[in-house]
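*Asks:* Coordinates in run01.cif, mmCIF, C-alpha atoms, are listed below.
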```cif
data_structure
loop_
_atom_site.label_atom_id
_atom_site.label_comp_id
_atom_site.auth_asym_id
_atom_site.auth_seq_id
_atom_site.Cartn_x
_atom_site.Cartn_y
_atom_site.Cartn_z
CA MET A 5 28.43 40.60 -31.57
CA ALA A 6 30.00 43.52 -33.41
CA VAL A 7 30.74 46.80 -31.62
CA PHE A 8 31.69 50.27 -32.85
CA THR A 9 33.92 52.27 -30.48
CA MET A 10 34.92 55.92 -30.62
CA THR A 11 38.66 55.76 -29.90
CA GLY A 12 38.81 59.55 -29.96
CA VAL A 13 36.43 62.45 -30.52
CA GLY A 14 38.70 65.48 -30.73
CA HIS A 15 39.08 68.16 -33.37
CA SER A 16 42.52 68.29 -34.98
CA GLU A 17 43.56 71.12 -32.63
CA ALA A 18 42.16 69.48 -29.48
CA ILE A 19 44.33 68.37 -26.57
CA ALA A 20 41.50 67.28 -24.26
CA HIS A 21 40.67 64.30 -26.49
CA TRP A 22 42.46 62.05 -28.97
CA ASN A 23 42.02 62.32 -32.73
CA ASN A 24 38.54 61.68 -34.06
CA ASN A 25 39.02 58.00 -34.97
CA ALA A 26 36.98 54.86 -34.32
CA MET A 27 37.20 51.06 -34.22
CA ILE A 28 35.04 48.09 -35.13
CA THR A 29 35.44 44.93 -33.06
CA ALA A 30 33.93 41.76 -34.52
CA GLY A 31 34.84 38.09 -34.43
CA GLY A 32 37.70 38.82 -32.05
CA ARG A 33 39.36 41.11 -34.60
CA ARG A 34 39.70 44.91 -34.80
CA LEU A 35 39.37 47.35 -37.68
CA LEU A 36 40.42 50.94 -37.07
CA ILE A 37 38.51 53.69 -38.79
CA ASP A 38 41.45 56.04 -39.34
CA ALA A 39 44.72 56.11 -37.42
CA GLY A 40 45.75 59.63 -36.49
CA TYR A 41 48.89 60.67 -34.66
CA THR A 42 47.32 59.95 -31.24
CA ILE A 43 46.37 56.35 -32.04
CA LYS A 44 48.78 54.72 -29.57
CA PHE A 45 47.38 56.79 -26.68
CA ALA A 46 43.83 56.00 -27.76
CA LEU A 47 44.48 52.27 -27.92
CA ARG A 48 46.30 52.36 -24.58
CA ASP A 49 43.23 53.90 -22.95
CA LEU A 50 41.20 50.96 -24.26
CA GLY A 51 43.73 48.47 -22.88
CA LEU A 52 45.08 47.68 -26.37
CA ASP A 53 48.25 48.14 -28.38
CA LEU A 54 49.19 48.14 -32.06
CA SER A 55 49.74 44.37 -32.11
CA GLN A 56 45.99 43.96 -31.64
CA VAL A 57 45.03 45.92 -34.76
CA ASP A 58 44.02 43.68 -37.67
CA GLY A 59 43.13 46.34 -40.22
CA VAL A 60 42.61 50.03 -40.92
CA PHE A 61 40.21 51.94 -43.16
CA ILE A 62 41.38 55.45 -44.04
CA THR A 63 38.66 58.02 -44.69
CA HIS A 64 41.03 60.68 -46.00
CA VAL A 65 44.61 61.89 -45.88
CA HIS A 66 44.94 64.43 -43.08
CA ALA A 67 47.36 64.08 -40.17
CA ASP A 68 44.75 63.38 -37.50
CA HIS A 69 43.42 60.52 -39.61
CA CYS A 70 46.48 58.86 -41.10
CA PHE A 71 49.77 59.88 -39.42
CA GLY A 72 49.50 56.97 -36.98
CA LEU A 73 50.05 54.62 -39.92
CA GLU A 74 53.81 55.24 -39.80
CA ARG A 75 54.02 53.94 -36.24
CA LEU A 76 51.62 51.07 -36.96
CA ALA A 77 53.63 50.06 -40.03
CA TYR A 78 57.02 50.06 -38.32
CA GLU A 79 55.93 48.29 -35.16
CA CYS A 80 53.90 45.62 -36.93
CA ARG A 81 56.72 44.92 -39.41
CA PHE A 82 59.77 45.06 -37.18
CA ARG A 83 58.40 44.29 -33.70
CA TYR A 84 55.33 42.10 -34.17
CA GLY A 85 56.09 40.55 -37.58
CA PHE A 86 52.78 40.81 -39.40
CA LYS A 87 50.99 42.98 -41.97
CA PRO A 88 47.69 44.57 -40.99
CA ARG A 89 45.16 45.05 -43.76
CA LEU A 90 44.89 48.58 -45.12
CA TYR A 91 41.55 49.34 -46.78
CA LEU A 92 41.75 52.33 -49.12
CA PRO A 93 38.78 53.80 -51.00
CA PRO A 94 39.28 55.36 -54.46
CA GLY A 95 41.92 58.08 -54.73
CA VAL A 96 43.33 57.66 -51.23
CA TYR A 97 46.30 55.42 -52.11
CA GLU A 98 47.99 58.08 -54.24
CA GLU A 99 47.67 60.83 -51.63
CA LEU A 100 48.60 58.52 -48.80
CA TRP A 101 51.75 56.97 -50.23
CA ASP A 102 53.05 59.25 -52.98
CA GLN A 103 52.34 62.53 -51.21
CA THR A 104 52.42 61.64 -47.49
CA LEU A 105 54.12 58.47 -46.25
CA LYS A 106 56.73 57.70 -48.91
CA GLY A 107 59.16 60.30 -47.57
CA VAL A 108 59.39 58.60 -44.17
CA MET A 109 58.66 54.96 -45.05
CA GLY A 110 60.05 54.58 -48.57
CA GLN A 111 63.54 53.67 -47.43
CA VAL A 112 64.46 51.25 -44.64
CA GLY A 113 67.63 49.42 -43.61
CA GLU A 114 67.01 46.72 -46.21
CA GLY A 115 66.59 49.28 -48.99
CA PRO A 116 63.57 50.75 -50.84
CA ALA A 117 60.11 49.93 -49.51
CA THR A 118 56.55 50.37 -50.70
CA LEU A 119 53.26 50.55 -48.84
CA ASP A 120 52.74 46.86 -49.66
CA ASP A 121 55.85 45.96 -47.66
CA TYR A 122 54.09 47.12 -44.50
CA PHE A 123 50.42 46.39 -45.14
CA GLU A 124 48.17 44.03 -47.01
CA VAL A 125 46.82 46.85 -49.15
CA ILE A 126 43.23 46.46 -50.35
CA ARG A 127 42.17 49.04 -52.91
CA LEU A 128 38.41 49.15 -52.64
CA ASP A 129 36.05 49.50 -55.57
CA GLY A 130 32.80 48.97 -53.72
CA ALA A 131 31.27 47.95 -50.40
CA PHE A 132 33.32 45.53 -48.32
CA GLU A 133 33.05 43.23 -45.31
CA PHE A 134 35.05 42.83 -42.11
CA GLU A 135 34.31 39.78 -39.98
CA GLY A 136 30.69 39.77 -41.10
CA VAL A 137 30.23 43.53 -40.71
CA GLN A 138 29.05 45.22 -43.92
CA LEU A 139 30.68 48.56 -44.75
CA GLU A 140 29.56 50.93 -47.49
CA TYR A 141 31.78 53.96 -48.08
CA PHE A 142 30.55 57.14 -49.73
CA GLN A 143 32.12 60.43 -50.77
CA ASN A 144 31.35 63.14 -48.23
CA ASN A 145 31.87 66.92 -48.49
CA HIS A 146 35.19 67.81 -46.85
CA THR A 147 38.06 69.57 -48.63
CA PRO A 148 37.21 70.44 -52.27
CA ASN A 149 38.63 68.01 -54.87
CA LYS A 150 39.98 65.72 -52.16
CA PRO A 151 39.04 62.03 -51.79
CA SER A 152 37.21 61.89 -48.45
CA TYR A 153 34.67 59.38 -47.25
CA GLY A 154 32.06 58.48 -44.70
CA LEU A 155 30.87 54.97 -43.82
CA PHE A 156 27.46 53.32 -43.51
CA ILE A 157 27.91 50.24 -41.36
CA ASN A 158 25.55 47.25 -41.23
CA ARG A 159 22.81 49.53 -42.59
CA ARG A 160 22.54 50.84 -39.02
CA LEU A 161 25.29 53.32 -38.12
CA LEU A 162 26.50 56.21 -40.27
CA PHE A 163 29.95 57.66 -39.56
CA SER A 164 30.21 60.93 -41.48
CA GLY A 165 33.98 61.37 -41.46
CA ASP A 166 35.23 64.96 -41.61
CA THR A 167 32.64 66.80 -43.64
CA ARG A 168 30.29 69.70 -44.20
CA PRO A 169 26.59 68.81 -43.88
CA ILE A 170 25.66 65.82 -46.07
CA VAL A 171 21.89 65.87 -45.74
CA GLU A 172 21.07 63.87 -48.86
CA ALA A 173 23.54 61.11 -48.02
CA VAL A 174 22.20 60.79 -44.48
CA THR A 175 18.50 61.09 -45.36
CA ARG A 176 18.69 58.49 -48.13
CA ARG A 177 20.27 55.91 -45.81
CA ASP A 178 18.05 56.74 -42.80
CA PRO A 179 20.48 55.33 -40.20
CA GLU A 180 19.50 54.41 -36.66
CA ILE A 181 22.69 56.02 -35.30
CA ILE A 182 24.51 59.01 -36.81
CA LEU A 183 27.99 60.16 -35.82
CA HIS A 184 28.53 63.55 -37.44
CA ASP A 185 31.49 65.90 -37.68
CA CYS A 186 30.87 69.19 -35.86
CA THR A 187 33.00 72.24 -35.24
CA LEU A 188 31.93 74.61 -32.48
CA ALA A 189 33.22 77.59 -34.44
CA GLU A 190 30.58 79.77 -36.09
CA TRP A 191 31.71 78.59 -39.52
CA ASN A 192 34.42 76.46 -41.06
CA PRO A 193 35.07 75.85 -44.78
CA VAL A 194 35.60 72.09 -44.40
CA HIS A 195 33.66 71.11 -41.25
CA ALA A 196 29.96 71.38 -40.39
CA SER A 197 29.25 73.95 -37.69
CA LEU A 198 26.81 73.41 -34.85
CA ALA A 199 24.49 76.07 -36.26
CA GLU A 200 24.56 74.49 -39.72
CA LEU A 201 23.66 71.08 -38.33
CA GLU A 202 20.74 72.59 -36.42
CA VAL A 203 19.23 74.14 -39.56
CA SER A 204 20.28 71.53 -42.14
CA TYR A 205 18.92 68.36 -40.54
CA PRO A 206 15.33 67.77 -39.39
CA ALA A 207 14.69 66.99 -35.73
CA ALA A 208 13.92 63.35 -36.57
CA LEU A 209 17.53 62.89 -37.73
CA ARG A 210 19.14 65.14 -35.12
CA GLU A 211 17.66 63.08 -32.29
CA ARG A 212 19.74 60.14 -33.57
CA MET A 213 22.85 62.26 -34.17
CA TYR A 214 25.94 62.28 -31.93
CA LEU A 215 28.45 65.07 -32.55
CA MET A 216 32.15 64.28 -32.90
CA SER A 217 35.43 66.00 -33.79
CA TYR A 218 34.75 68.89 -31.46
CA GLU A 219 37.08 71.42 -29.84
CA ASP A 220 38.20 71.62 -26.21
CA HIS A 221 35.61 74.24 -25.16
CA TYR A 222 32.77 71.78 -25.83
CA ARG A 223 31.35 72.17 -22.31
CA GLU A 224 30.15 75.67 -23.20
CA PHE A 225 27.66 74.09 -25.63
CA GLU A 226 26.53 71.03 -23.65
CA THR A 227 23.01 72.29 -22.91
CA ARG A 228 22.44 73.32 -26.52
CA VAL A 229 23.77 70.03 -27.86
CA ALA A 230 21.68 67.98 -25.43
CA SER A 231 18.56 69.92 -26.44
CA ASN A 232 19.01 69.54 -30.19
CA PHE A 233 20.90 66.27 -30.72
CA ALA A 234 21.45 62.85 -29.16
CA GLY A 235 24.47 64.48 -27.53
CA TYR A 236 28.21 64.51 -27.92
CA ALA A 237 29.93 61.29 -28.90
CA ARG A 238 32.19 60.46 -25.96
CA GLN A 239 35.68 59.03 -26.09
CA GLY A 240 35.44 55.28 -25.53
CA GLN A 241 31.69 55.24 -26.20
CA THR A 242 30.44 52.07 -27.87
CA PHE A 243 27.51 51.33 -30.17
CA ASP A 244 26.19 47.87 -31.03
CA LEU A 245 26.26 47.06 -34.72
#
```
As C-alpha cells - that is how I would like this structure written.

*Replies:*
Amino acid sequence: MAVFTMTGVGHSEAIAHWNNNAMITAGGRRLLIDAGYTIKFALRDLGLDLSQVDGVFITHVHADHCFGLERLAYECRFRYGFKPRLYLPPGVYEELWDQTLKGVMGQVGEGPATLDDYFEVIRLDGAFEFEGVQLEYFQNNHTPNKPSYGLFINRRLLFSGDTRPIVEAVTRRDPEIILHDCTLAEWNPVHASLAELEVSYPAALRERMYLMSYEDHYREFETRVASNFAGYARQGQTFDL
C-alpha cells in the first residue's frame, strides 16, 4: 500500500508548523516532496531520519522547499554513504545548483563537487514512477517566469505546490483528494488566498480540498474553512494512494 503524508503544513513564515512538504511511502521506500529547512524536525516527528530518505522531488527553488537538501546531501554522503535520488522537473536543476546550492556544496575537502556527487540526479522530461506510484508533474502558477510544479499522484491525489488558483489544471484532472496552497492573508501575489479559493473553485471541488501552507493564526479561520472545504491539511496527516 502506498501512503501520502504531510510532513509539514506551514507557510514560509510559520513557526507553529514545519515547512509545507510531503512524503510518499511505498514498497518500504520514501520519496520526499520537497525538503525545506525544517526537514530534519519533520522527519524526527515521524520517527524517521535522513538515512531513511530514498529520494526527493523538488517542486521549486524556494528555501522552505529546497534548503534541506544541503543537510540531506552532506549527511547521506559523509555519514550514511549513499546517494538519494533527486527528481528535478524542467528548469529546476539550473536554479537549484547554479543559483542556490553551488555556493555551499560546490567545494568539499576532496575538492570541487557537483550535484551529481551527492545525489543520483534524474532530470525529468515526463511523468515518472516511484515504487509503483505514478506521478505526473505540471506547471502551476506561483512566481512569474519561475519553474514551479504541482503533482497528480496515481490519478487520485493532486498536490498543488505553492501556487495561485489553478482551476483548469484541477478541474481537468478531477482528483479525489486535493491539497491546495492557501494563504490566510487577504491577497498575496504568489499564493492563493482563502477568499480566492472560495470563489474560484466550485463546491464539488472544494469539498475534496484540504488547505495547506497556512500561517500561524489559522485557528481564527477554522469555522470558515470547515464550512467551505474538506478542512485544513494537518501535519502528519496521511492519505491512501

*Asks:* Let me make sure I understand: among A:Phe123, A:Tyr78, A:Phe61, A:Phe134, which one has the smallest atom-to-atom distance to Gly32 (chain A) if we use only C-alpha atoms?

*Replies:* A:Phe134

*Asks:* Which polymer residues, protein or nucleic acid, are no farther than 10 Å from (41.4, 56.5, -47.5), counting only C-alpha atoms, as a ChimeraX atom specification?

*Replies:* /A:37-38,60-66,69-70,90-100,127-128,141,151-154

*Asks:* Could you tell me how far CA of Leu54 (chain A) sits from CA of Gly110 (chain A), in Å to one decimal place?

*Replies:*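 Answer for the CA of Gly110 (chain A) to CA of Leu54 (chain A) separation: 20.8 Å.
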
*Asks:* When the PyMOL selection byres ((chain A and resi 157-164) around 7) is applied to the file above, which residues end up in the set, as a list in words?

*Replies:* Val137, Gln138, Leu139, Glu140, Gly154, Leu155, Phe156, Gly165, Asp166, Thr167, Pro179, Glu180, Ile181, Ile182, Leu183, His184, Asp185 and Leu245 of chain A

*Asks:* Expanded to explicit residues, what is the PyMOL selection byres ((chain A and resi 85) around 12) for this file, as a ChimeraX atom specification?

*Replies:* /A:54-55,76-84,86-88,121-123

*Asks:* Check what the PyMOL selection byres ((chain A and resi 35) around 6) selects in the file above and give those residues as a PyMOL selection string.

*Replies:* chain A and resi 27-28+34+36+58-60

*Asks:* How many Å separate CA of Lys106 (chain A) from CA of Glu74 (chain A)?

*Replies:*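 Pair CA of Lys106 (chain A) / CA of Glu74 (chain A) returns 9.9 Å.
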
*Asks:* Near Ala67 (chain A), counting only C-alpha atoms, which residues have an atom at most 7 Å away, once you skip same-chain residues fewer than 3 positions from it, shown as a PyMOL selection string?

*Replies:* chain A and resi 40-41+70-71

*Asks:* Can you list, as a PDB file with C-alpha atoms, keeping the file's coordinate frame, every protein, DNA or RNA residue that comes within 10 Å of region 224-234 of chain A when you count only C-alpha atoms, leaving out same-chain residues fewer than 2 positions away?

*Replies:*
```
ATOM      1  CA  ILE A 181      22.690  56.020 -35.300  1.00  0.00           C
ATOM      2  CA  ILE A 182      24.510  59.010 -36.810  1.00  0.00           C
ATOM      3  CA  LEU A 183      27.990  60.160 -35.820  1.00  0.00           C
ATOM      4  CA  LEU A 188      31.930  74.610 -32.480  1.00  0.00           C
ATOM      5  CA  LEU A 198      26.810  73.410 -34.850  1.00  0.00           C
ATOM      6  CA  LEU A 201      23.660  71.080 -38.330  1.00  0.00           C
ATOM      7  CA  GLU A 202      20.740  72.590 -36.420  1.00  0.00           C
ATOM      8  CA  ALA A 207      14.690  66.990 -35.730  1.00  0.00           C
ATOM      9  CA  ALA A 208      13.920  63.350 -36.570  1.00  0.00           C
ATOM     10  CA  LEU A 209      17.530  62.890 -37.730  1.00  0.00           C
ATOM     11  CA  ARG A 210      19.140  65.140 -35.120  1.00  0.00           C
ATOM     12  CA  GLU A 211      17.660  63.080 -32.290  1.00  0.00           C
ATOM     13  CA  ARG A 212      19.740  60.140 -33.570  1.00  0.00           C
ATOM     14  CA  MET A 213      22.850  62.260 -34.170  1.00  0.00           C
ATOM     15  CA  TYR A 214      25.940  62.280 -31.930  1.00  0.00           C
ATOM     16  CA  LEU A 215      28.450  65.070 -32.550  1.00  0.00           C
ATOM     17  CA  ASP A 220      38.200  71.620 -26.210  1.00  0.00           C
ATOM     18  CA  HIS A 221      35.610  74.240 -25.160  1.00  0.00           C
ATOM     19  CA  TYR A 222      32.770  71.780 -25.830  1.00  0.00           C
ATOM     20  CA  TYR A 236      28.210  64.510 -27.920  1.00  0.00           C
ATOM     21  CA  ALA A 237      29.930  61.290 -28.900  1.00  0.00           C
TER      22      ALA A 237
END
```

*Asks:* Could you tell me how far CA of Trp101 (chain A) lies from CA of Pro116 (chain A), in Å and to one decimal?

*Replies:* 13.4 Å

*Asks:* Could you list as a PyMOL selection string every residue that has an atom within 12 Å of (34.6, 73.5, -45.1), using the file's coordinates and counting all atoms listed in the file?

*Replies:* chain A and resi 144-150+166-170+185-187+189-197+200

*Asks:* Could you list, as JSON, numbers by chain, every residue within 9 Å of Leu50 (chain A), counting all atoms listed in the file and ignoring same-chain residues fewer than 4 positions away?

*Replies:* {"A": [11, 45, 46, 240]}

*Asks:* Counting only C-alpha atoms, which residue out of A:Gln103, A:Ser217, A:Phe132, A:Thr242 sits closest to Trp22 (chain A)?

*Replies:*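 Smallest separation from Trp22 (chain A) among the options: A:Ser217.
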
*Asks:* Just checking: using all atoms listed in the file, which residue out of A:Gly115, A:Phe243, A:Glu219, A:Val174 ends up closest to Gly14 (chain A)?

*Replies:* A:Glu219

*Asks:* Between A:Arg223, A:Gln143, A:His15, A:Thr118, which residue has the minimum interatomic distance to Asp102 (chain A), considering all atoms listed in the file?

*Replies:*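 Using all atoms listed in the file, the shortest distance to Asp102 (chain A) belongs to A:Thr118.
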
*Asks:* Taking N, CA and C atoms as the atom set, what does region 186-207 of chain A look like once completed, written as a PDB file, in the frame of the given file?

*Replies:*
```pdb
ATOM      1  N   CYS A 186      31.420  67.901 -36.304  1.00  0.00           N
ATOM      2  CA  CYS A 186      30.870  69.190 -35.860  1.00  0.00           C
ATOM      3  C   CYS A 186      31.958  70.069 -35.265  1.00  0.00           C
ATOM      4  N   THR A 187      32.161  71.235 -35.861  1.00  0.00           N
ATOM      5  CA  THR A 187      33.000  72.240 -35.240  1.00  0.00           C
ATOM      6  C   THR A 187      32.136  73.180 -34.428  1.00  0.00           C
ATOM      7  N   LEU A 188      32.663  73.677 -33.329  1.00  0.00           N
ATOM      8  CA  LEU A 188      31.930  74.610 -32.480  1.00  0.00           C
ATOM      9  C   LEU A 188      32.212  76.053 -32.854  1.00  0.00           C
ATOM     10  N   ALA A 189      33.039  76.253 -33.890  1.00  0.00           N
ATOM     11  CA  ALA A 189      33.220  77.590 -34.440  1.00  0.00           C
ATOM     12  C   ALA A 189      31.954  78.005 -35.189  1.00  0.00           C
ATOM     13  N   GLU A 190      31.787  79.303 -35.393  1.00  0.00           N
ATOM     14  CA  GLU A 190      30.580  79.770 -36.090  1.00  0.00           C
ATOM     15  C   GLU A 190      30.518  79.248 -37.513  1.00  0.00           C
ATOM     16  N   TRP A 191      31.681  79.091 -38.153  1.00  0.00           N
ATOM     17  CA  TRP A 191      31.710  78.590 -39.520  1.00  0.00           C
ATOM     18  C   TRP A 191      33.093  78.049 -39.804  1.00  0.00           C
ATOM     19  N   ASN A 192      33.151  77.038 -40.657  1.00  0.00           N
ATOM     20  CA  ASN A 192      34.420  76.460 -41.060  1.00  0.00           C
ATOM     21  C   ASN A 192      34.266  75.979 -42.503  1.00  0.00           C
ATOM     22  N   PRO A 193      35.247  76.212 -43.370  1.00  0.00           N
ATOM     23  CA  PRO A 193      35.070  75.850 -44.780  1.00  0.00           C
ATOM     24  C   PRO A 193      35.039  74.362 -45.057  1.00  0.00           C
ATOM     25  N   VAL A 194      35.526  73.527 -44.122  1.00  0.00           N
ATOM     26  CA  VAL A 194      35.600  72.090 -44.400  1.00  0.00           C
ATOM     27  C   VAL A 194      34.937  71.221 -43.327  1.00  0.00           C
ATOM     28  N   HIS A 195      34.354  71.838 -42.298  1.00  0.00           N
ATOM     29  CA  HIS A 195      33.660  71.110 -41.250  1.00  0.00           C
ATOM     30  C   HIS A 195      32.281  71.715 -41.029  1.00  0.00           C
ATOM     31  N   ALA A 196      31.301  70.882 -40.700  1.00  0.00           N
ATOM     32  CA  ALA A 196      29.960  71.380 -40.390  1.00  0.00           C
ATOM     33  C   ALA A 196      29.969  72.081 -39.033  1.00  0.00           C
ATOM     34  N   SER A 197      29.360  73.244 -38.971  1.00  0.00           N
ATOM     35  CA  SER A 197      29.250  73.950 -37.690  1.00  0.00           C
ATOM     36  C   SER A 197      28.003  73.485 -36.956  1.00  0.00           C
ATOM     37  N   LEU A 198      27.966  73.747 -35.663  1.00  0.00           N
ATOM     38  CA  LEU A 198      26.810  73.410 -34.850  1.00  0.00           C
ATOM     39  C   LEU A 198      25.552  74.070 -35.396  1.00  0.00           C
ATOM     40  N   ALA A 199      25.644  75.347 -35.733  1.00  0.00           N
ATOM     41  CA  ALA A 199      24.490  76.070 -36.260  1.00  0.00           C
ATOM     42  C   ALA A 199      24.013  75.475 -37.585  1.00  0.00           C
ATOM     43  N   GLU A 200      24.943  75.085 -38.439  1.00  0.00           N
ATOM     44  CA  GLU A 200      24.560  74.490 -39.720  1.00  0.00           C
ATOM     45  C   GLU A 200      23.845  73.160 -39.526  1.00  0.00           C
ATOM     46  N   LEU A 201      24.320  72.356 -38.590  1.00  0.00           N
ATOM     47  CA  LEU A 201      23.660  71.080 -38.330  1.00  0.00           C
ATOM     48  C   LEU A 201      22.240  71.304 -37.819  1.00  0.00           C
ATOM     49  N   GLU A 202      22.069  72.306 -36.988  1.00  0.00           N
ATOM     50  CA  GLU A 202      20.740  72.590 -36.420  1.00  0.00           C
ATOM     51  C   GLU A 202      19.733  72.961 -37.495  1.00  0.00           C
ATOM     52  N   VAL A 203      20.163  73.692 -38.522  1.00  0.00           N
ATOM     53  CA  VAL A 203      19.230  74.140 -39.560  1.00  0.00           C
ATOM     54  C   VAL A 203      19.181  73.194 -40.756  1.00  0.00           C
ATOM     55  N   SER A 204      20.217  72.375 -40.954  1.00  0.00           N
ATOM     56  CA  SER A 204      20.280  71.530 -42.140  1.00  0.00           C
ATOM     57  C   SER A 204      19.512  70.217 -41.972  1.00  0.00           C
ATOM     58  N   TYR A 205      19.522  69.671 -40.764  1.00  0.00           N
ATOM     59  CA  TYR A 205      18.920  68.360 -40.540  1.00  0.00           C
ATOM     60  C   TYR A 205      17.611  68.500 -39.773  1.00  0.00           C
ATOM     61  N   PRO A 206      16.586  67.741 -40.150  1.00  0.00           N
ATOM     62  CA  PRO A 206      15.330  67.770 -39.390  1.00  0.00           C
ATOM     63  C   PRO A 206      15.512  67.148 -38.006  1.00  0.00           C
ATOM     64  N   ALA A 207      14.604  67.482 -37.110  1.00  0.00           N
ATOM     65  CA  ALA A 207      14.690  66.990 -35.730  1.00  0.00           C
ATOM     66  C   ALA A 207      14.713  65.471 -35.673  1.00  0.00           C
TER      67      ALA A 207
END
```
